[in-house]
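Coordinates from data00.cif are shown below (mmCIF, C-alpha atoms).
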```cif
data_coords
#
loop_
_atom_site.label_atom_id
_atom_site.label_comp_id
_atom_site.auth_asym_id
_atom_site.auth_seq_id
_atom_site.Cartn_x
_atom_site.Cartn_y
_atom_site.Cartn_z
CA HIS A 682 9.23 -6.18 20.17
CA ILE A 683 6.74 -8.55 18.55
CA ASP A 684 3.11 -7.53 18.09
CA LEU A 685 0.37 -10.05 17.29
CA ASN A 686 -2.38 -8.42 15.25
CA PHE A 687 -5.79 -9.75 16.23
CA GLY A 688 -7.38 -6.58 14.86
CA CYS A 689 -7.35 -7.08 11.09
CA PRO A 690 -10.89 -6.98 9.57
CA VAL A 691 -9.90 -7.79 5.97
CA PRO A 692 -12.14 -10.54 4.54
CA LYS A 693 -9.28 -12.61 3.09
CA VAL A 694 -7.93 -12.87 6.65
CA THR A 695 -11.11 -13.28 8.69
CA ARG A 696 -12.72 -15.83 6.37
CA ARG A 697 -9.90 -18.19 7.33
CA GLY A 698 -10.43 -17.51 11.02
CA GLY A 699 -7.53 -15.07 11.36
CA GLY A 700 -7.17 -11.47 12.45
CA SER A 701 -10.06 -10.04 14.42
CA ALA A 702 -12.11 -13.23 13.95
CA LEU A 703 -9.69 -15.34 15.97
CA PRO A 704 -10.35 -14.24 19.59
CA TRP A 705 -13.86 -15.68 19.37
CA GLU A 706 -12.34 -19.19 19.40
CA THR A 707 -11.12 -19.08 22.98
CA ASP A 708 -9.00 -22.23 22.98
CA LEU A 709 -7.10 -21.23 19.84
CA PHE A 710 -6.58 -17.67 21.05
CA THR A 711 -5.38 -18.91 24.44
CA ALA A 712 -2.97 -21.39 22.88
CA ILE A 713 -1.41 -18.66 20.71
CA VAL A 714 -1.04 -16.01 23.41
CA GLN A 715 0.39 -18.54 25.85
CA ALA A 716 2.94 -19.99 23.44
CA ALA A 717 4.07 -16.78 21.75
CA PRO A 718 5.20 -14.81 24.85
CA ARG A 719 6.91 -17.92 26.23
CA GLU A 720 8.97 -18.36 23.07
CA ALA A 721 9.65 -14.63 22.71
CA ALA A 722 10.94 -14.55 26.29
CA ARG A 723 13.77 -16.86 25.27
CA GLY A 724 15.23 -13.93 23.39
CA ASP A 725 14.13 -11.38 25.99
CA ILE A 726 11.70 -9.92 23.43
CA PRO A 727 8.48 -8.27 24.72
CA LEU A 728 5.31 -9.45 23.01
CA THR A 729 2.16 -7.37 22.71
CA ILE A 730 -1.23 -7.93 21.13
CA LYS A 731 -3.71 -5.70 19.34
CA MET A 732 -7.38 -6.58 19.02
CA ARG A 733 -10.85 -5.24 18.29
CA LYS A 734 -13.96 -5.28 20.48
CA GLY A 735 -15.23 -8.43 18.79
CA THR A 736 -16.68 -9.62 15.52
CA ASP A 737 -19.84 -7.55 16.05
CA GLU A 738 -21.82 -6.07 18.93
CA ASP A 739 -23.42 -9.46 19.62
CA HIS A 740 -20.06 -11.25 19.81
CA LEU A 741 -17.77 -9.09 21.93
CA THR A 742 -14.52 -10.63 23.13
CA PHE A 743 -12.21 -7.83 24.21
CA ILE A 744 -12.50 -8.13 27.99
CA GLU A 745 -12.08 -11.89 28.05
CA ALA A 746 -9.30 -11.81 25.46
CA GLY A 747 -7.51 -9.09 27.39
CA ARG A 748 -7.57 -11.13 30.58
CA ILE A 749 -6.35 -14.24 28.78
CA ALA A 750 -3.48 -12.26 27.26
CA ARG A 751 -2.57 -10.69 30.60
CA ASP A 752 -2.50 -14.08 32.32
CA ALA A 753 -0.31 -15.42 29.51
CA GLY A 754 2.32 -12.76 30.17
CA VAL A 755 1.97 -10.34 27.27
CA ALA A 756 3.72 -7.01 27.78
CA ALA A 757 0.74 -4.85 26.76
CA VAL A 758 -2.70 -5.04 25.19
CA ALA A 759 -3.98 -2.58 22.57
CA LEU A 760 -7.65 -2.18 21.71
CA HIS A 761 -9.15 -0.66 18.57
CA GLY A 762 -12.54 0.57 19.66
CA ARG A 763 -14.44 -0.95 16.75
CA THR A 764 -15.84 -4.38 15.92
CA THR A 765 -14.76 -6.34 12.86
CA SER A 766 -18.08 -5.66 11.14
CA GLN A 767 -17.53 -1.91 11.47
CA PHE A 768 -14.27 -2.06 9.53
CA TYR A 769 -13.21 1.62 9.79
CA SER A 770 -16.65 3.18 9.60
CA GLY A 771 -18.38 5.31 12.17
CA GLN A 772 -16.71 6.50 15.33
CA ALA A 773 -14.37 4.46 17.49
CA ASP A 774 -15.85 3.51 20.85
CA TRP A 775 -13.44 5.00 23.36
CA ASN A 776 -15.71 3.87 26.21
CA SER A 777 -14.75 0.26 25.44
CA ILE A 778 -11.10 1.24 25.71
CA ALA A 779 -11.77 2.78 29.14
CA GLU A 780 -13.62 -0.40 30.11
CA LEU A 781 -10.64 -2.56 29.19
CA ARG A 782 -8.31 -0.21 31.07
CA GLU A 783 -10.43 -0.68 34.18
CA ALA A 784 -10.59 -4.45 33.72
CA LEU A 785 -6.81 -4.79 33.40
CA PRO A 786 -5.28 -2.55 36.08
CA ASP A 787 -2.08 -4.63 36.27
CA ILE A 788 -0.90 -4.41 32.64
CA PRO A 789 -0.31 -1.56 30.18
CA VAL A 790 -3.37 -0.94 28.01
CA LEU A 791 -3.10 1.07 24.80
CA GLY A 792 -5.90 2.74 22.86
CA ASN A 793 -6.45 2.84 19.12
CA GLY A 794 -9.04 4.41 16.86
CA ASP A 795 -9.69 7.91 15.47
CA ILE A 796 -6.41 9.48 16.53
CA TRP A 797 -5.73 11.96 13.76
CA SER A 798 -3.70 14.49 15.72
CA ALA A 799 -1.62 14.91 18.85
CA GLU A 800 -4.60 16.54 20.49
CA ASP A 801 -6.72 13.46 19.80
CA ALA A 802 -4.10 11.29 21.48
CA VAL A 803 -4.00 13.45 24.59
CA ARG A 804 -7.79 13.48 24.73
CA MET A 805 -7.94 9.68 24.51
CA VAL A 806 -5.49 9.29 27.38
CA GLU A 807 -7.43 11.77 29.49
CA GLN A 808 -10.80 10.15 28.75
CA THR A 809 -9.83 6.49 29.02
CA GLY A 810 -6.83 6.37 31.34
CA VAL A 811 -4.79 4.27 28.91
CA ASP A 812 -1.02 4.12 29.18
CA GLY A 813 -0.45 5.12 25.57
CA VAL A 814 -1.90 5.12 22.08
CA VAL A 815 -1.48 3.11 18.91
CA ILE A 816 -1.52 5.02 15.63
CA GLY A 817 -2.97 3.44 12.50
CA ARG A 818 -4.45 5.39 9.59
CA GLY A 819 -3.61 8.71 11.25
CA CYS A 820 0.03 8.55 10.19
CA GLN A 821 -0.69 7.77 6.54
CA GLY A 822 1.14 10.46 4.63
CA ARG A 823 2.19 12.12 7.90
CA PRO A 824 5.28 10.47 9.40
CA TRP A 825 5.78 13.64 11.44
CA LEU A 826 2.67 12.85 13.50
CA PHE A 827 4.84 10.87 15.92
CA GLY A 828 6.96 13.93 16.65
CA ASP A 829 3.77 15.89 17.32
CA LEU A 830 2.65 13.16 19.74
CA GLN A 831 5.92 13.28 21.64
CA ALA A 832 5.70 17.06 21.90
CA ALA A 833 2.11 16.90 23.12
CA PHE A 834 2.85 14.34 25.81
CA GLU A 835 5.83 16.43 26.90
CA GLY A 836 3.43 19.33 27.34
CA THR A 837 4.76 21.57 24.58
CA GLY A 838 2.79 23.27 21.83
CA ARG A 839 5.34 22.49 19.12
CA ARG A 840 3.69 20.97 16.04
CA PHE A 841 5.06 20.21 12.59
CA ARG A 842 3.13 22.08 9.91
CA PRO A 843 4.98 21.35 6.65
CA GLY A 844 4.77 23.40 3.51
CA LEU A 845 4.43 21.66 0.17
CA LYS A 846 8.19 21.43 -0.40
CA GLU A 847 8.71 19.62 2.89
CA VAL A 848 5.91 17.20 2.06
CA ALA A 849 7.37 16.56 -1.40
CA ASP A 850 10.82 15.94 0.07
CA SER A 851 9.36 13.50 2.61
CA PHE A 852 7.43 11.72 -0.13
CA TYR A 853 10.58 11.32 -2.23
CA ARG A 854 12.58 10.07 0.75
CA HIS A 855 9.81 7.57 1.48
CA ALA A 856 10.14 6.27 -2.10
CA GLU A 857 13.93 5.98 -1.73
CA LEU A 858 13.53 3.97 1.46
CA LEU A 859 11.06 1.67 -0.26
CA VAL A 860 13.62 1.01 -2.99
CA ASP A 861 16.17 0.12 -0.30
CA TYR A 862 13.64 -2.11 1.44
CA PHE A 863 12.35 -4.00 -1.59
CA GLU A 864 15.68 -3.88 -3.45
CA ASP A 865 13.48 -3.43 -6.51
CA GLU A 866 12.74 0.05 -7.86
CA ASP A 867 9.72 -1.05 -9.88
CA LYS A 868 8.06 -2.71 -6.89
CA ALA A 869 8.90 0.23 -4.63
CA LEU A 870 7.42 2.80 -7.00
CA ARG A 871 4.26 0.74 -7.42
CA ASP A 872 3.95 0.78 -3.64
CA ILE A 873 4.51 4.52 -3.19
CA ARG A 874 1.61 5.33 -5.54
CA LYS A 875 -0.99 4.54 -2.88
CA HIS A 876 0.56 7.19 -0.61
CA VAL A 877 -0.04 10.11 -3.00
CA ALA A 878 -3.50 11.04 -1.72
CA TRP A 879 -2.41 10.73 1.92
CA TYR A 880 0.72 12.90 1.67
CA PHE A 881 -0.87 15.62 -0.45
CA LYS A 882 -4.28 15.76 1.26
CA GLY A 883 -5.33 19.41 1.36
CA TYR A 884 -2.37 20.72 -0.66
CA THR A 885 -2.73 22.37 -4.04
CA VAL A 886 -1.64 19.72 -6.53
CA GLY A 887 -3.25 19.71 -9.97
CA GLY A 888 -5.35 16.77 -11.07
CA GLU A 889 -3.05 15.85 -13.96
CA LEU A 890 -0.01 15.94 -11.68
CA ARG A 891 -1.76 13.84 -9.04
CA ALA A 892 -2.63 11.29 -11.72
CA ALA A 893 0.97 11.22 -12.93
CA LEU A 894 2.24 10.72 -9.38
CA ALA A 895 -0.21 7.85 -8.93
CA ALA A 896 1.37 6.11 -11.93
CA VAL A 897 5.02 7.05 -11.37
CA PRO A 898 7.42 4.38 -12.74
CA THR A 899 10.88 5.43 -11.48
CA LEU A 900 12.63 7.64 -8.95
CA GLU A 901 13.91 9.81 -11.78
CA VAL A 902 10.40 10.46 -13.06
CA LEU A 903 9.19 11.03 -9.50
CA ARG A 904 11.84 13.68 -8.93
CA GLY A 905 10.80 15.49 -12.08
CA LEU A 906 7.12 15.43 -11.13
CA LEU A 907 7.75 16.70 -7.61
CA ASP A 908 9.88 19.53 -9.00
CA GLN A 909 6.75 20.85 -10.71
CA LEU A 910 5.14 21.63 -7.34
CA ASP A 911 5.21 25.15 -5.91
CA PRO A 912 8.00 25.05 -3.28
CA ALA A 913 6.62 28.17 -1.60
CA ALA A 914 3.12 26.75 -1.02
CA PRO A 915 2.43 26.86 2.72
CA TYR A 916 0.79 24.38 5.04
CA PRO A 917 -2.94 24.53 4.17
CA GLY A 918 -4.31 24.17 7.70
CA ALA A 919 -7.31 22.03 8.55
CA ALA A 920 -7.62 20.73 4.98
CA ALA A 921 -4.46 18.67 5.52
CA GLU A 922 -5.68 17.18 8.79
CA GLY A 923 -8.39 14.75 9.82
CA PRO A 924 -9.26 11.22 8.69
CA ARG A 925 -7.11 9.46 6.13
CA GLY A 926 -8.01 6.59 3.85
CA ARG A 927 -11.37 5.02 3.19
CA ALA A 928 -13.69 4.53 6.13
CA GLY A 929 -16.05 2.25 4.25
CA THR A 930 -19.36 1.09 5.68
CA PRO A 931 -20.34 -1.61 8.18
CA LYS A 932 -20.74 -4.99 6.57
CA ARG A 933 -21.19 -8.59 7.48
CA THR A 934 -17.92 -10.14 8.59
CA ALA A 935 -16.48 -12.83 6.34
CA LEU A 936 -16.07 -15.89 8.59
CA PRO A 937 -15.61 -19.64 8.16
CA ASP A 938 -18.90 -21.53 8.04
CA GLY A 939 -20.21 -22.09 11.55
CA TRP A 940 -17.45 -20.03 13.15
CA LEU A 941 -19.77 -18.32 15.64
CA ASN A 942 -21.71 -21.46 16.57
CA SER A 943 -19.42 -22.15 19.53
CA ARG A 944 -16.32 -20.81 21.23
CA GLY A 945 -14.32 -23.94 20.41
CA LEU A 946 -12.97 -25.27 17.10
CA ASP A 947 -14.73 -28.20 15.48
CA ASP A 948 -12.81 -30.75 13.39
CA ASN A 949 -13.35 -28.83 10.15
CA HIS A 950 -12.04 -25.61 11.65
CA LYS A 951 -9.02 -27.40 13.12
CA ALA A 952 -8.19 -28.81 9.69
CA MET A 953 -8.58 -25.38 8.12
CA ILE A 954 -6.26 -23.78 10.68
CA ALA A 955 -3.68 -26.54 10.18
CA ALA A 956 -3.75 -25.98 6.42
CA ALA A 957 -3.25 -22.25 6.92
CA GLU A 958 0.01 -22.95 8.75
CA LEU A 959 1.59 -24.70 5.77
CA ASP A 960 4.45 -22.84 4.10
CA VAL A 961 2.59 -22.92 0.79
CA SER A 962 -0.68 -21.56 2.15
CA GLY A 963 0.13 -17.88 1.72
CA GLY A 964 -0.99 -17.07 5.24
#
```
Will you turn the file into structure tokens for me?
Amino acid sequence: HIDLNFGCPVPKVTRRGGGSALPWETDLFTAIVQAAPREAARGDIPLTIKMRKGTDEDHLTFIEAGRIARDAGVAAVALHGRTTSQFYSGQADWNSIAELREALPDIPVLGNGDIWSAEDAVRMVEQTGVDGVVIGRGCQGRPWLFGDLQAAFEGTGRRFRPGLKEVADSFYRHAELLVDYFEDEDKALRDIRKHVAWYFKGYTVGGELRAALAAVPTLEVLRGLLDQLDPAAPYPGAAAEGPRGRAGTPKRTALPDGWLNSRGLDDNHKAMIAAAELDVSGG
């Protein structure tokens, strides 16, 4: 399926009116979510959207945006229970997810935010009534989380608790797949470096070895580094679980000048959006 991401809080996106800044401009948002499902339907492709609560607590858009998307025929709506200005800080507002679920009884609603384990996912469904969950940072360095989720929703207690060898093997396979994807070993190995801290969170890996992994140049070197790990080291328990990545702190959202002055685009904003659609714009 196709998913439109109206949840991105990154300044280089929002300062051009994209990502989680876009739903504030009602006409533009409506035009996109009306046209996109219509075109996707030509190929019988479901289209979903993901969004945040709004740009900040004074400019909430999620209920209105959800209704617009539903009326436009999207297959499902996902809500991250944070505003743009929160980035990933603080605690996700699951009450807002429950509120959207109640406001849209005739379409699947999915919840997102602070799901670090299968138990978190089950708890969100129980508390909010959503039809399912969307996983973001929780799966960083833990591709097996999705198997845990399936087991939890099937009512079983089976969970994957990998030892260090299993994590290392998964990490290496991830790097191999990146090489296949990019068709460029150098680019793939530069990409895998950012995953080191996520995969090995809580496991005993020496500082020098972690540093070497974070600068690994080739698959051959990666294999040699991973072979230095203790293959008998067990799953470390709670130390390997919990939040992944940087939460950051709340900050003022980067927006185009005058973006919040009205819910409609002025001529300057229209010109900016048109320029962003050019093939040479980079976004």
Interatomic distance, atom CA of His682 of chain A to atom CA of Pro727 of chain A (Å, one decimal): 5.1 Å
Residue list as a list in words for point (2.5, -17.0, 17.7), cut-off 12 Å, all atoms listed in the file: Ile683, Asp684, Leu685, Asn686, Phe687, Leu709, Phe710, Thr711, Ala712, Ile713, Val714, Gln715, Ala716, Ala717, Pro718, Arg719, Glu720, Ala721, Leu728, Thr729, Ile730, Val755 and Glu958 of chain A
Specify as a PDB file with C-alpha atoms, in the frame of the given file each residue included when the PyMOL selection byres ((chain A and resi 823-834) around 8) is applied to this file.
```pdb
ATOM      1  CA  SER A 798      -3.700  14.490  15.720  1.00  0.00           C
ATOM      2  CA  ALA A 799      -1.620  14.910  18.850  1.00  0.00           C
ATOM      3  CA  GLU A 800      -4.600  16.540  20.490  1.00  0.00           C
ATOM      4  CA  ALA A 802      -4.100  11.290  21.480  1.00  0.00           C
ATOM      5  CA  VAL A 803      -4.000  13.450  24.590  1.00  0.00           C
ATOM      6  CA  GLY A 819      -3.610   8.710  11.250  1.00  0.00           C
ATOM      7  CA  CYS A 820       0.030   8.550  10.190  1.00  0.00           C
ATOM      8  CA  GLN A 821      -0.690   7.770   6.540  1.00  0.00           C
ATOM      9  CA  GLY A 822       1.140  10.460   4.630  1.00  0.00           C
ATOM     10  CA  GLU A 835       5.830  16.430  26.900  1.00  0.00           C
ATOM     11  CA  GLY A 836       3.430  19.330  27.340  1.00  0.00           C
ATOM     12  CA  THR A 837       4.760  21.570  24.580  1.00  0.00           C
ATOM     13  CA  GLY A 838       2.790  23.270  21.830  1.00  0.00           C
ATOM     14  CA  ARG A 839       5.340  22.490  19.120  1.00  0.00           C
ATOM     15  CA  ARG A 840       3.690  20.970  16.040  1.00  0.00           C
ATOM     16  CA  PHE A 841       5.060  20.210  12.590  1.00  0.00           C
ATOM     17  CA  TRP A 879      -2.410  10.730   1.920  1.00  0.00           C
ATOM     18  CA  TYR A 880       0.720  12.900   1.670  1.00  0.00           C
TER      19      TYR A 880
END
```
Distance criterion (only C-alpha atoms): nearest to Arg871 of chain A out of A:Pro937, A:Gly929, A:Pro692, A:Pro898: A:Pro898
Result set of the PyMOL selection byres ((chain A and resi 931) around 6) on the coordinates above, as a list in words: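 That selection, the PyMOL selection byres ((chain A and resi 931) around 6), comes back as Ser766, Gln767, Thr930 and Lys932 of chain A.
Summary of the local environment: counting all atoms listed in the file, residues at most 6 Å from Arg763 of chain A, other than itself and those fewer than 6 positions away along its chain, are Arg733, Lys734 and Ala773 of chain A.
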Selection: 12 Å around Asp774 of chain A, all atoms listed in the file, excl. self and same-chain fewer than 6 positions, as a PyMOL selection string: chain A and resi 733-734+738+760-764+767+780-781+792-796+805+808-809
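All residues of protein, DNA or RNA that reach within 12 Å of His855 of chain A, judged by only C-alpha atoms and not counting those fewer than 2 positions away in the chain, are A:Gln821, A:Gly822, A:Arg823, A:Pro824, A:Val848, A:Ala849, A:Asp850, A:Ser851, A:Phe852, A:Tyr853, A:Glu857, A:Leu858, A:Leu859, A:Val860, A:Asp861, A:Tyr862, A:Ala869, A:Leu870, A:Asp872, A:Ile873, A:Arg874, A:His876, A:Val877, A:Tyr880, A:Leu900, A:Leu903.
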Selected residues, C-alpha atoms, written as a compact mmCIF listing (two decimals), keeping the file's coordinate frame, please.
```txt
# COMPACT_ATOMS: atom_id res chain seq x y z
CA GLN A 821 -0.69 7.77 6.54
CA GLY A 822 1.14 10.46 4.63
CA ARG A 823 2.19 12.12 7.90
CA PRO A 824 5.28 10.47 9.40
CA VAL A 848 5.91 17.20 2.06
CA ALA A 849 7.37 16.56 -1.40
CA ASP A 850 10.82 15.94 0.07
CA SER A 851 9.36 13.50 2.61
CA PHE A 852 7.43 11.72 -0.13
CA TYR A 853 10.58 11.32 -2.23
CA GLU A 857 13.93 5.98 -1.73
CA LEU A 858 13.53 3.97 1.46
CA LEU A 859 11.06 1.67 -0.26
CA VAL A 860 13.62 1.01 -2.99
CA ASP A 861 16.17 0.12 -0.30
CA TYR A 862 13.64 -2.11 1.44
CA ALA A 869 8.90 0.23 -4.63
CA LEU A 870 7.42 2.80 -7.00
CA ASP A 872 3.95 0.78 -3.64
CA ILE A 873 4.51 4.52 -3.19
CA ARG A 874 1.61 5.33 -5.54
CA HIS A 876 0.56 7.19 -0.61
CA VAL A 877 -0.04 10.11 -3.00
CA TYR A 880 0.72 12.90 1.67
CA LEU A 900 12.63 7.64 -8.95
CA LEU A 903 9.19 11.03 -9.50
```
Who sits within 12 Å of Val886 of chain A, all atoms listed in the file, same chain under 3 positions skipped, as JSON, numbers by chain: {"A": [845, 846, 848, 849, 877, 878, 880, 881, 882, 883, 889, 890, 891, 892, 893, 894, 906, 907, 908, 909, 910, 911, 912, 914, 917]}
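When the PyMOL selection byres ((chain A and resi 689) around 10) is run on the displayed coordinates, the residues it returns are A:Asn686, A:Phe687, A:Gly688, A:Pro690, A:Val691, A:Pro692, A:Lys693, A:Val694, A:Thr695, A:Gly699, A:Gly700, A:Ser701, A:Ala702, A:Leu703, A:Lys731, A:Met732, A:Arg733, A:Thr765, A:Phe768.
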Between atom CA of Ala956 of chain A and atom CA of Thr742 of chain A - distance in Å to one decimal: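 Value for the atom CA of Thr742 of chain A-atom CA of Ala956 of chain A distance: 25.1 Å.
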Among the residues A:Glu901, A:Asp867, A:Asp938, A:Glu847, the one that comes closest to Ala913 of chain A [using all atoms listed in the file]: A:Glu847
Best match for closeness to Glu922 of chain A among A:Trp940, A:Trp705, A:Tyr769, A:Tyr884, counting all atoms listed in the file: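 Among the listed residues, the smallest separation from Glu922 of chain A belongs to A:Tyr884.
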Residue among A:Gly926, A:Glu706, A:Trp775, A:Val815 lying closest to His740 of chain A, counting only C-alpha atoms: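 Closest to His740 of chain A, using only C-alpha atoms: A:Glu706.
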